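Visitor: Below is a structure I'd like to ask you about.
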Number of protein chains: 6
Amino acid sequence: MSTPLINQLGVVKRNIERADRDATERMGTLGSATVHEAMGRVGLFKPYMRPIQAGTQVAGTAVTVLLHPGDNWMLHVAAEQIQPGDIVVAAITAECTDGYFGDLLATSFMARGARALVIDAGVRDVRVLKEMGFPVWSKAISAKGCIKATLGSVNIPVICAGALVNPGDAIVADDDGVVVVPAADAVRVADVAQKREDLEGEKRAKLASGVLGLDMYSMREPLARAGLKYID
Amino acid sequence: MSTPLINQLGVVKRNIERADRDATERMGTLGSATVHEAMGRVGLFKPYMRPIQAGTQVAGTAVTVLLHPGDNWMLHVAAEQIQPGDIVVAAITAECTDGYFGDLLATSFMARGARALVIDAGVRDVRVLKEMGFPVWSKAISAKGCIKATLGSVNIPVICAGALVNPGDAIVADDDGVVVVPAADAVRVADVAQKREDLEGEKRAKLASGVLGLDMYSMREPLARAGLKYID
Amino acid sequence: MSTPLINQLGVVKRNIERADRDATERMGTLGSATVHEAMGRVGLFKPYMRPIQAGTQVAGTAVTVLLHPGDNWMLHVAAEQIQPGDIVVAAITAECTDGYFGDLLATSFMARGARALVIDAGVRDVRVLKEMGFPVWSKAISAKGCIKATLGSVNIPVICAGALVNPGDAIVADDDGVVVVPAADAVRVADVAQKREDLEGEKRAKLASGVLGLDMYSMREPLARAGLKYID
Amino acid sequence: MSTPLINQLGVVKRNIERADRDATERMGTLGSATVHEAMGRVGLFKPYMRPIQAGTQVAGTAVTVLLHPGDNWMLHVAAEQIQPGDIVVAAITAECTDGYFGDLLATSFMARGARALVIDAGVRDVRVLKEMGFPVWSKAISAKGCIKATLGSVNIPVICAGALVNPGDAIVADDDGVVVVPAADAVRVADVAQKREDLEGEKRAKLASGVLGLDMYSMREPLARAGLKYID
Amino acid sequence: MSTPLINQLGVVKRNIERADRDATERMGTLGSATVHEAMGRVGLFKPYMRPIQAGTQVAGTAVTVLLHPGDNWMLHVAAEQIQPGDIVVAAITAECTDGYFGDLLATSFMARGARALVIDAGVRDVRVLKEMGFPVWSKAISAKGCIKATLGSVNIPVICAGALVNPGDAIVADDDGVVVVPAADAVRVADVAQKREDLEGEKRAKLASGVLGLDMYSMREPLARAGLKYID
Amino acid sequence: MSTPLINQLGVVKRNIERADRDATERMGTLGSATVHEAMGRVGLFKPYMRPIQAGTQVAGTAVTVLLHPGDNWMLHVAAEQIQPGDIVVAAITAECTDGYFGDLLATSFMARGARALVIDAGVRDVRVLKEMGFPVWSKAISAKGCIKATLGSVNIPVICAGALVNPGDAIVADDDGVVVVPAADAVRVADVAQKREDLEGEKRAKLASGVLGLDMYSMREPLARAGLKYID
């Protein structure tokens, strides 16, 4: 059975296998665009996920939460499962823009060692969150708070903003968006991403000197073959 | 490893385990709303997925496809993997409204025994598709055709309109939307759904006779306890 | 105090003053566009409110409901307050597309004499609703059902799809959208709307015979004065 | 100067060169998807443009109008410029969903021989418009009427739903959307589109007989070359 | 009659009763999220209302304006009704993103003592507005200016971004959004909000020390009763 | 023939006529709102086009590019056509949010003297782009990269975010949005815009001193004539 827990509500999984710490850190220094390329251009959260702060680049291992519309009860349950270096990834069972998360929960998450929150809904107290230095990627900002009435789950596979996240997967987030890397692929993807990055410095220098991508990437011949015509 | 193929491009899986045929058919007679309840209210595609036709209710087993924006090459690859009773579920690696599917592909899909297409993008020739009786649920309708240039995959796990679909999962679709039921859960969910349905006839008769849900469901006491006040 | 109840939760008002029955009926024969003009072009629900059926034109007096995201408990409370000729107008405290209403609630509403539902959220069982002949205007269609856990209110002023509706107000709905007419204005607006309609027959005949609006409405002179230039 | 009038307000151009009548008619029998392919996949209106009716396929020559938000004065000016076989294409200077067009204007347009309206805004009286048999493609449906206060222009180049339309261009519209063909290209595009269509009958027969697109289009070799792998 | 002016155009009300000044100020120090909770989670503007600046928290009494699409004439009429400490709340009769407000109007509003603008449409000159220190919450930013041709109203009840605002109501706005508090409720809501805030300091300290919300709020027992299961 | 190239793919035009340099610079100091007014309120890109940076105001001459969804090959072709003072304007043949442009292309564009990019799609590496000081206006931000497989065109007329841009046209962009001025109109529009600006200083001083727009613009009489009523 491939994804035994994806449809279960009312479950908290305590022991999860986290992606390699070092590989996760390395991906954090490379950023979401490079990691996404290294993944073969899959694993990206929908681009409506936006940071509430600017200039922050972070990586961590996923603690996942499944929530109901307007109900943030399970974020408190999730807090207990956080280990230092984790990023909480919260999915909702239906579209919702309510503010699920504010400065109190952030205080709790930080005390547990969480690095960030990625949530397919709204958050609030954003000015304070920025002052606290707790990074958040969300779909909305809303002053509307939540009730605490219905069970969801913690550390089951979730689909968040169009991306499947298994608990323990590596998450890379920055101003360009959020990417998930399956835990089992983290080391390989970190290596591939690093190689891509190593090549970029030289390319950047050439382009800065005025060399055209047309020449650097030898594109003129394939473009001509594809039929590109220059006119005056 | 739970979802080994979800990030792989350029792969076609030929042998997939399909959900129980009889359970799938039974869910097809019950419809997406009842099946979604029986699932515990998970597994629903986002409500932007809309049928191009009205009044069609269908169920089948998923043949999945992952496509790139503006490129429908893999739909031809998918056609070969279709068995009678299948529903093709097509996901795109990024937001796209192009018309990936028209009357020619529908002719081919029907010849292979496909029952429907569910696609997180656009389709075209919709008047002809309706005349042919080939049902489609899509995000958009667009006359814009596709190129055939980049590899995707067939029969890998995909995320389509916010729902994780593994090849072989049961798909139930009607005017209310589209629901996925994991293959391993199909029999159980069909049974639960049937039980829900069996109870509905009696309820409907009572409500039609003027009995209020307040009384039929014994809601008055919990409402009062929650603090509901009647004023004049 | 003008709108004393708009912010109160957990309240059901039993006695409401309904708009004049005859005026409401007359507005129902004229349709939303004509009534909206007669209102001075205010009172329109946002155009994302769409009928699930085509060709239905209806009017009635509002029974209002305020609901929470994903929770339809109060629709059962509202059912008891319905009188023949009413239209239930349901607002949600936050954006939500869940399916709040299906064939069971429709059976109950019809048994109480309700004429329609207008809801700023989703509905389901739409094929059956159409077969039952119960008209609905909604923001979405979704198979996702609701829980019954939190109190809202019935027959308080609500804001539904951008329009303020007081209980008892007249509601006019058709393929063009939904309009609210304050109960106290119903007779006057019905009269104005009828006068508009009376003038339309003659205009239509003239336009059909080839007379231009430019001439029928004497627009040429004001257009020239505004500076319109004809070139060849 | 390539587009001398695109920015001018307050202008009505009386003499425009219309696309070849016969070519326009021929494209009308082929539909928007085929014509769009024949154009090289350009000229499509954004897919949010939807017909208010189903099953209508039409072509005609463009009479263009530029309107201001909430103001439909120029539609009356446009009526006078309509010749039999024309389609009115209406652009707005800013996003607007108001109902610019209803049964009275439709009566006038039909009396002048107009075949359809394509408008990047809302329309109303849609039930009556369908009964009258006057086809409309629009962005929205809204009961909200317009004022008549500000000058726009008629028969200048306009951008409607992302497509540049010059007066006299051929417009093809059906359930798949709306396409514009420059007047000077109409004959050539009609010929190319007809050739595409001629080839489709044979293809359809082959696919219906069970031949796969993979074989019919000789895709297996290029797919293998691109690296497609089959697994079991 | 509950809301006698909501549908009237062409009216300016000069004498309005403003919410208690001190209560309004106190709510301004507490912010929209806390005030919204204190209101019982109603009164929030839709979350698409966003500040053009970051980090500003403000409160004031509402001067309301109803405007037509693309027409900002009444903002000049509103300016005369502004008293120090007011916030102008502008609603539009239909969806519009035009830039209704720029640096000249801001200069005038500031000279009258206005504290902010909340508008369900677009604004422009946003760089200058930020330099001037005049805060704005809006739905859009657009360089497109407005005409001055049609009458709206000032100081009538309006619906702005889904919230009913009566002239004189208290408005609280910050990075989390905008909340309206009815003038008659201002003192009570300010008191409730302050009490909420007073409790938060202690909670924050506990959470920061590592105490879990699960324990602080005694959630473990109700979660277990609701059926939450922990697995390994 | 008015727009001979608008539908051609696979074409690069090398020699284009650029708008007057001095007029372009002058418009750059005035900003998009003033220039848009001077144009007669046409030429604005849709307001969903947003800067990735804040506070930048720029003008330049357009090098245009037409791209396919998910394919940025032609941006490399465009780079060669850039001359100092140009702004690259990129249109896509269908809706797409992929990240077409990042720090490598920005390095190349800056080396060629480009002043900015305006693109109706997504960009990435936005933190680095801001550090480099290369301004971008885009529809989205996305880490998703592009392939290089299909031909588009360079320096043909394109429609970008609803605006027609001919190569060489003047582009003015700031925090309020993006405006295009046809090359042939640049000097005239710059003059008109400067005159508007010259008048604003005096107006601003008057308004700051407390003079009302009602009096400064002599609006009281026309408002009264239109029927505005003051009540107490």
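Each chain of the structure tokens is named A, B, ... in the order shown, its residues numbered from 1; ligands are numbered from 1 in display order.
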I want to know what sits within 6 Å of E:Ala19, based on only C-alpha atoms, with residues of the same chain fewer than 3 positions away left out; could you give that as a ChimeraX atom specification?
Guide: /E:168-170,183
Visitor: Identify, with DSSP run on backbone atoms, the residues in stretch 30-196 of chain F assigned to helix (DSSP H, G or I), and express the list as a ChimeraX atom specification.
Guide: /F:30,32-38,73-81,103-112,126-132,183-196
Visitor: Could you check the closest approach to chain A for each of E:Ile141, E:Val35, E:Val136, E:Met27 and tell me which residue wins, using only C-alpha atoms?
Guide: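 Among E:Ile141, E:Val35, E:Val136, E:Met27, it is E:Val35 that comes nearest to chain A.
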Visitor: Among the residues of stretch 13-231 of chain D, find those DSSP assigns to strand (DSSP E) from the backbone and print them as a PyMOL selection string.
Guide: chain D and resi 13+50-51+58-67+86-92+116-123+136-141+153-154+158-160+163-165+170-174+177-181+229-231
Visitor: Name all residues at most 8 Å from stretch 122-130 of chain E (count only C-alpha atoms; drop same-chain ones fewer than 2 positions away) and give them as number ranges by chain.
Guide: E: 52-53, 96-103, 106, 119-120, 132-135, 138-144; F: 33, 54-55, 175-176
Visitor: Would you mind exporting the chosen residues as a compact mmCIF listing (two decimals), in the first residue's frame, restricted to N, CA, C and O atoms?
Guide:
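As a result, result-v1.txt now contains:
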```
# COMPACT_ATOMS: atom_id res chain seq x y z
N ILE E 52 -0.95 49.32 1.66
CA ILE E 52 0.11 49.64 0.69
C ILE E 52 1.43 49.81 1.42
O ILE E 52 2.49 49.81 0.81
N GLN E 53 1.36 50.02 2.74
CA GLN E 53 2.57 50.18 3.56
C GLN E 53 2.66 48.99 4.51
O GLN E 53 1.70 48.25 4.66
N CYS E 96 -14.19 47.09 -9.19
CA CYS E 96 -13.37 48.04 -9.95
C CYS E 96 -11.98 48.10 -9.34
O CYS E 96 -11.82 48.09 -8.12
N THR E 97 -10.96 48.16 -10.20
CA THR E 97 -9.59 48.25 -9.70
C THR E 97 -8.94 49.59 -10.03
O THR E 97 -7.74 49.76 -9.81
N ASP E 98 -9.68 50.54 -10.55
CA ASP E 98 -9.09 51.82 -10.93
C ASP E 98 -8.45 52.52 -9.73
O ASP E 98 -8.81 52.28 -8.58
N GLY E 99 -7.53 53.42 -10.04
CA GLY E 99 -6.84 54.17 -9.00
C GLY E 99 -7.64 55.42 -8.60
O GLY E 99 -7.49 56.46 -9.21
N TYR E 100 -8.45 55.30 -7.56
CA TYR E 100 -9.37 56.38 -7.15
C TYR E 100 -8.68 57.49 -6.37
O TYR E 100 -9.26 58.55 -6.17
N PHE E 101 -7.51 57.24 -5.88
CA PHE E 101 -6.95 58.10 -4.83
C PHE E 101 -5.45 58.19 -5.03
O PHE E 101 -4.78 57.15 -5.20
N GLY E 102 -4.93 59.45 -5.00
CA GLY E 102 -3.48 59.63 -5.15
C GLY E 102 -2.99 60.71 -4.22
O GLY E 102 -3.66 61.05 -3.24
N ASP E 103 -1.84 61.28 -4.54
CA ASP E 103 -1.21 62.18 -3.57
C ASP E 103 -1.97 63.48 -3.36
O ASP E 103 -1.93 64.04 -2.26
N ALA E 106 -4.76 62.74 -0.99
CA ALA E 106 -4.16 62.44 0.30
C ALA E 106 -3.75 63.72 1.02
O ALA E 106 -3.91 63.85 2.24
N ILE E 119 -10.34 51.42 0.98
CA ILE E 119 -11.11 51.50 -0.26
C ILE E 119 -11.16 50.16 -0.98
O ILE E 119 -10.14 49.52 -1.18
N ASP E 120 -12.36 49.77 -1.37
CA ASP E 120 -12.57 48.49 -2.05
C ASP E 120 -12.35 48.65 -3.56
O ASP E 120 -13.21 48.31 -4.37
N MET E 132 4.57 60.30 2.33
CA MET E 132 3.74 61.26 3.07
C MET E 132 3.29 60.69 4.41
O MET E 132 2.79 61.43 5.26
N GLY E 133 3.34 59.36 4.55
CA GLY E 133 2.88 58.75 5.78
C GLY E 133 1.36 58.67 5.89
O GLY E 133 0.82 58.65 6.99
N PHE E 134 0.69 58.64 4.74
CA PHE E 134 -0.76 58.48 4.79
C PHE E 134 -1.12 57.03 4.50
O PHE E 134 -0.95 56.56 3.38
N PRO E 135 -1.62 56.30 5.51
CA PRO E 135 -1.85 54.87 5.32
C PRO E 135 -3.11 54.56 4.51
O PRO E 135 -4.12 55.24 4.65
N SER E 138 -6.27 48.81 0.49
CA SER E 138 -7.01 48.79 -0.76
C SER E 138 -7.03 47.39 -1.35
O SER E 138 -6.35 46.49 -0.87
N LYS E 139 -7.81 47.24 -2.39
CA LYS E 139 -7.94 45.96 -3.09
C LYS E 139 -6.92 45.86 -4.21
O LYS E 139 -6.58 44.77 -4.64
N ALA E 140 -6.47 47.02 -4.71
CA ALA E 140 -5.57 47.01 -5.85
C ALA E 140 -4.74 48.28 -5.86
O ALA E 140 -5.02 49.23 -5.14
N ILE E 141 -3.70 48.24 -6.69
CA ILE E 141 -2.90 49.43 -6.99
C ILE E 141 -2.98 49.61 -8.49
O ILE E 141 -2.77 48.66 -9.24
N SER E 142 -3.32 50.79 -8.95
CA SER E 142 -3.46 51.00 -10.39
C SER E 142 -3.19 52.44 -10.74
O SER E 142 -3.69 53.36 -10.09
N ALA E 143 -2.42 52.64 -11.82
CA ALA E 143 -2.13 54.00 -12.29
C ALA E 143 -3.34 54.65 -12.94
O ALA E 143 -3.33 55.84 -13.22
N LYS E 144 -4.40 53.89 -13.19
CA LYS E 144 -5.55 54.43 -13.93
C LYS E 144 -6.37 55.38 -13.06
O LYS E 144 -6.92 54.98 -12.04
N ALA F 33 1.29 57.12 -13.51
CA ALA F 33 -0.05 57.70 -13.35
C ALA F 33 -0.18 58.97 -14.18
O ALA F 33 -1.16 59.16 -14.91
N ALA F 54 10.36 47.71 -4.49
CA ALA F 54 9.53 48.87 -4.16
C ALA F 54 10.31 50.14 -4.40
O ALA F 54 11.53 50.20 -4.19
N GLY F 55 9.63 51.19 -4.89
CA GLY F 55 10.23 52.51 -4.97
C GLY F 55 11.00 52.80 -6.23
O GLY F 55 11.62 53.86 -6.34
N ASP F 175 5.81 51.97 -9.02
CA ASP F 175 5.01 51.19 -8.06
C ASP F 175 3.53 51.16 -8.42
O ASP F 175 2.78 50.31 -7.93
N ASP F 176 3.07 52.12 -9.26
CA ASP F 176 1.66 52.15 -9.64
C ASP F 176 1.34 51.24 -10.81
O ASP F 176 0.16 50.99 -11.07
```
Visitor: Could you pull the residues within 8 Å of B:Ser153, counting only C-alpha atoms, minus those fewer than 6 positions along the same chain, as a PyMOL selection string?
Guide: chain B and resi 8-12+65-67+74
Visitor: Could you write out the selected residues, including N, CA, C and O atoms, as a short mmCIF file (atom, residue, chain, number, x, y, z; two decimals), in the first residue's frame?
Guide:
```cif
data_model
loop_
_atom_site.label_atom_id
_atom_site.label_comp_id
_atom_site.auth_asym_id
_atom_site.auth_seq_id
_atom_site.Cartn_x
_atom_site.Cartn_y
_atom_site.Cartn_z
N GLN B 8 9.35 11.30 -10.69
CA GLN B 8 10.09 10.84 -11.85
C GLN B 8 9.40 11.24 -13.14
O GLN B 8 8.19 11.03 -13.31
N LEU B 9 10.18 11.76 -14.07
CA LEU B 9 9.66 12.09 -15.40
C LEU B 9 10.18 11.06 -16.39
O LEU B 9 11.23 10.46 -16.19
N GLY B 10 9.45 10.87 -17.48
CA GLY B 10 9.92 9.97 -18.53
C GLY B 10 9.69 8.51 -18.23
O GLY B 10 10.41 7.64 -18.74
N VAL B 11 8.68 8.20 -17.43
CA VAL B 11 8.41 6.82 -17.04
C VAL B 11 6.98 6.43 -17.39
O VAL B 11 6.05 7.21 -17.17
N VAL B 12 6.82 5.24 -17.93
CA VAL B 12 5.48 4.69 -18.15
C VAL B 12 5.39 3.37 -17.42
O VAL B 12 6.17 2.45 -17.69
N VAL B 65 -1.55 10.58 -15.70
CA VAL B 65 -0.60 11.19 -16.63
C VAL B 65 -0.07 12.48 -16.01
O VAL B 65 -0.85 13.25 -15.44
N LEU B 66 1.21 12.70 -16.14
CA LEU B 66 1.81 13.98 -15.74
C LEU B 66 2.29 14.69 -17.00
O LEU B 66 3.08 14.13 -17.77
N LEU B 67 1.81 15.90 -17.21
CA LEU B 67 2.09 16.65 -18.43
C LEU B 67 2.77 17.97 -18.11
O LEU B 67 2.64 18.49 -17.02
N MET B 74 2.18 13.20 -23.85
CA MET B 74 1.99 12.00 -23.04
C MET B 74 0.56 11.48 -23.06
O MET B 74 0.31 10.34 -22.63
#
```
Visitor: Can you check which residues of chain E have any atom within 10 Å of chain C? Use only C-alpha atoms and format it as a PyMOL selection string.
Guide: chain E and resi 1-4+6-9+39-47+93-95+157-164+166+181-185
Visitor: What separation in Å, quoted to one decimal, exists between atom CA of B:Arg225 and atom CA of A:Thr150?
Guide: 18.0 Å
Visitor: May I have the residues within 10 Å of C:Gly213 as a PyMOL selection string, using only C-alpha atoms and disregarding those fewer than 6 positions away in the same chain?
Guide: (chain C and resi 203+206-207+219-220) or (chain D and resi 73+75-77+79-80+104-105+108)
Visitor: Could you please take those selected residues and save all heavy atoms as a CSV table (one decimal), in the first residue's frame?
Guide:
```
chain,number,residue,atom,x,y,z
C,203,LYS,N,-40.2,50.5,-27.1
C,203,LYS,CA,-38.8,50.6,-27.5
C,203,LYS,C,-38.3,49.5,-28.3
C,203,LYS,O,-37.7,49.6,-29.4
C,203,LYS,CB,-37.9,50.8,-26.3
C,203,LYS,CG,-38.0,52.1,-25.6
C,203,LYS,CD,-36.9,52.1,-24.5
C,203,LYS,CE,-37.2,53.3,-23.5
C,203,LYS,NZ,-36.4,53.2,-22.3
C,206,LYS,N,-39.6,49.5,-31.9
C,206,LYS,CA,-38.9,50.5,-32.7
C,206,LYS,C,-37.6,50.0,-33.1
C,206,LYS,O,-37.2,50.1,-34.3
C,206,LYS,CB,-38.8,51.8,-31.9
C,206,LYS,CG,-40.0,52.8,-32.0
C,206,LYS,CD,-39.5,54.2,-31.5
C,206,LYS,CE,-40.8,55.1,-31.3
C,206,LYS,NZ,-40.5,56.3,-30.5
C,207,LEU,N,-36.8,49.5,-32.1
C,207,LEU,CA,-35.5,49.0,-32.4
C,207,LEU,C,-35.5,47.9,-33.4
C,207,LEU,O,-34.7,47.8,-34.3
C,207,LEU,CB,-34.7,48.6,-31.2
C,207,LEU,CG,-34.4,49.7,-30.2
C,207,LEU,CD1,-34.0,49.2,-28.8
C,207,LEU,CD2,-33.3,50.7,-30.7
C,219,MET,N,-29.5,60.8,-28.9
C,219,MET,CA,-28.1,60.8,-28.4
C,219,MET,C,-27.2,61.6,-29.3
C,219,MET,O,-26.0,61.9,-28.9
C,219,MET,CB,-27.6,59.4,-28.3
C,219,MET,CG,-28.1,58.6,-27.2
C,219,MET,SD,-27.6,56.9,-27.3
C,219,MET,CE,-28.2,56.2,-25.8
C,220,ARG,N,-27.6,61.9,-30.5
C,220,ARG,CA,-26.6,62.4,-31.5
C,220,ARG,C,-26.0,63.8,-31.0
C,220,ARG,O,-24.9,64.1,-31.1
C,220,ARG,CB,-27.2,62.6,-32.9
C,220,ARG,CG,-27.5,61.2,-33.5
C,220,ARG,CD,-27.9,61.4,-35.0
C,220,ARG,NE,-28.4,60.1,-35.5
C,220,ARG,CZ,-27.6,59.2,-36.0
C,220,ARG,NH1,-26.3,59.3,-36.1
C,220,ARG,NH2,-28.2,58.0,-36.5
D,73,TRP,N,-22.5,53.8,-23.5
D,73,TRP,CA,-23.0,54.7,-24.5
D,73,TRP,C,-22.6,54.4,-25.9
D,73,TRP,O,-23.3,54.4,-26.9
D,73,TRP,CB,-22.4,56.1,-24.1
D,73,TRP,CG,-23.3,57.3,-24.5
D,73,TRP,CD1,-24.6,57.3,-25.0
D,73,TRP,CD2,-22.9,58.7,-24.5
D,73,TRP,NE1,-25.0,58.5,-25.2
D,73,TRP,CE2,-24.0,59.4,-24.9
D,73,TRP,CE3,-21.7,59.3,-24.1
D,73,TRP,CZ2,-24.0,60.8,-25.0
D,73,TRP,CZ3,-21.7,60.7,-24.2
D,73,TRP,CH2,-22.8,61.5,-24.6
D,75,LEU,N,-22.0,51.6,-27.4
D,75,LEU,CA,-22.7,50.5,-28.1
D,75,LEU,C,-23.8,51.0,-29.0
D,75,LEU,O,-24.1,50.4,-30.0
D,75,LEU,CB,-23.2,49.5,-27.0
D,75,LEU,CG,-22.1,48.6,-26.3
D,75,LEU,CD1,-22.8,47.7,-25.3
D,75,LEU,CD2,-21.3,47.8,-27.4
D,76,HIS,N,-24.4,52.1,-28.6
D,76,HIS,CA,-25.5,52.7,-29.5
D,76,HIS,C,-24.8,53.3,-30.7
D,76,HIS,O,-25.4,53.2,-31.8
D,76,HIS,CB,-26.3,53.7,-28.7
D,76,HIS,CG,-27.2,53.1,-27.6
D,76,HIS,ND1,-28.4,52.5,-27.9
D,76,HIS,CD2,-27.0,52.9,-26.3
D,76,HIS,CE1,-28.9,52.0,-26.8
D,76,HIS,NE2,-28.1,52.3,-25.8
D,77,VAL,N,-23.7,53.9,-30.5
D,77,VAL,CA,-22.9,54.5,-31.6
D,77,VAL,C,-22.5,53.3,-32.5
D,77,VAL,O,-22.5,53.5,-33.8
D,77,VAL,CB,-21.7,55.3,-31.1
D,77,VAL,CG1,-20.9,55.8,-32.3
D,77,VAL,CG2,-22.2,56.4,-30.2
D,79,ALA,N,-23.9,50.5,-33.0
D,79,ALA,CA,-25.0,49.9,-33.7
D,79,ALA,C,-25.2,50.4,-35.2
D,79,ALA,O,-25.4,49.7,-36.1
D,79,ALA,CB,-26.3,50.1,-33.0
D,80,GLU,N,-25.0,51.7,-35.3
D,80,GLU,CA,-25.1,52.3,-36.6
D,80,GLU,C,-24.1,51.9,-37.6
D,80,GLU,O,-24.3,51.9,-38.8
D,80,GLU,CB,-25.1,53.9,-36.5
D,80,GLU,CG,-25.5,54.6,-37.7
D,80,GLU,CD,-25.5,56.1,-37.5
D,80,GLU,OE1,-24.8,56.6,-36.7
D,80,GLU,OE2,-26.3,56.8,-38.2
D,104,LEU,N,-32.7,44.9,-25.3
D,104,LEU,CA,-33.0,46.0,-26.2
D,104,LEU,C,-31.9,46.2,-27.2
D,104,LEU,O,-32.1,46.4,-28.4
D,104,LEU,CB,-33.2,47.3,-25.4
D,104,LEU,CG,-34.6,47.4,-24.7
D,104,LEU,CD1,-34.7,48.7,-23.9
D,104,LEU,CD2,-35.7,47.2,-25.7
D,105,LEU,N,-30.6,46.3,-26.7
D,105,LEU,CA,-29.5,46.5,-27.6
D,105,LEU,C,-29.4,45.3,-28.6
D,105,LEU,O,-29.1,45.4,-29.8
D,105,LEU,CB,-28.2,46.6,-26.9
D,105,LEU,CG,-27.8,48.1,-26.5
D,105,LEU,CD1,-26.7,48.1,-25.5
D,105,LEU,CD2,-27.3,48.8,-27.8
D,108,SER,N,-31.7,45.8,-31.4
D,108,SER,CA,-31.2,46.7,-32.4
D,108,SER,C,-30.1,46.1,-33.2
D,108,SER,O,-30.0,46.3,-34.4
D,108,SER,CB,-30.7,47.9,-31.6
D,108,SER,OG,-30.2,49.0,-32.5
```
Visitor: Between atom CA of A:Gly177 and atom CA of F:Ala91, what distance in Å does the model show, to one decimal?
Guide: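 Going from atom CA of A:Gly177 over to atom CA of F:Ala91 covers 22.5 Å.
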Visitor: Do a neighbour search on B:Pro84 at 8 Å with only C-alpha atoms, toss out local chain neighbours closer than 4 positions, and write the hits as a list in words.
Guide: Arg112, Gly113, Ala114 and Arg115 of chain B
Visitor: Now that the selection is made, can you save its residues with N, CA and C atoms as a PDB file, in the first residue's frame?
Guide:
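selection.pdb, freshly written:
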```
ATOM      1  N   ARG B 112     -10.331   2.681 -26.799  1.00  0.00           N
ATOM      2  CA  ARG B 112      -9.616   1.868 -25.806  1.00  0.00           C
ATOM      3  C   ARG B 112     -10.499   1.513 -24.616  1.00  0.00           C
ATOM      4  N   GLY B 113     -11.698   2.087 -24.542  1.00  0.00           N
ATOM      5  CA  GLY B 113     -12.593   1.751 -23.434  1.00  0.00           C
ATOM      6  C   GLY B 113     -12.584   2.724 -22.277  1.00  0.00           C
ATOM      7  N   ALA B 114     -11.938   3.891 -22.477  1.00  0.00           N
ATOM      8  CA  ALA B 114     -11.921   4.885 -21.385  1.00  0.00           C
ATOM      9  C   ALA B 114     -13.328   5.400 -21.132  1.00  0.00           C
ATOM     10  N   ARG B 115     -13.604   5.705 -19.874  1.00  0.00           N
ATOM     11  CA  ARG B 115     -14.928   6.200 -19.510  1.00  0.00           C
ATOM     12  C   ARG B 115     -14.999   7.713 -19.389  1.00  0.00           C
TER      13      ARG B 115
END
```
Visitor: Contacts of E:Thr34 at 8 Å or less, counting only C-alpha atoms, minus same-chain residues fewer than 5 places along, as number ranges by chain?
Guide: E: 193, 196-197
Visitor: C:Ile156, C:Val178, C:Leu151, C:Val58: which is nearest B:Leu228, counting only C-alpha atoms?
Guide: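 Residue with the minimum atom-to-atom distance to B:Leu228: C:Leu151.
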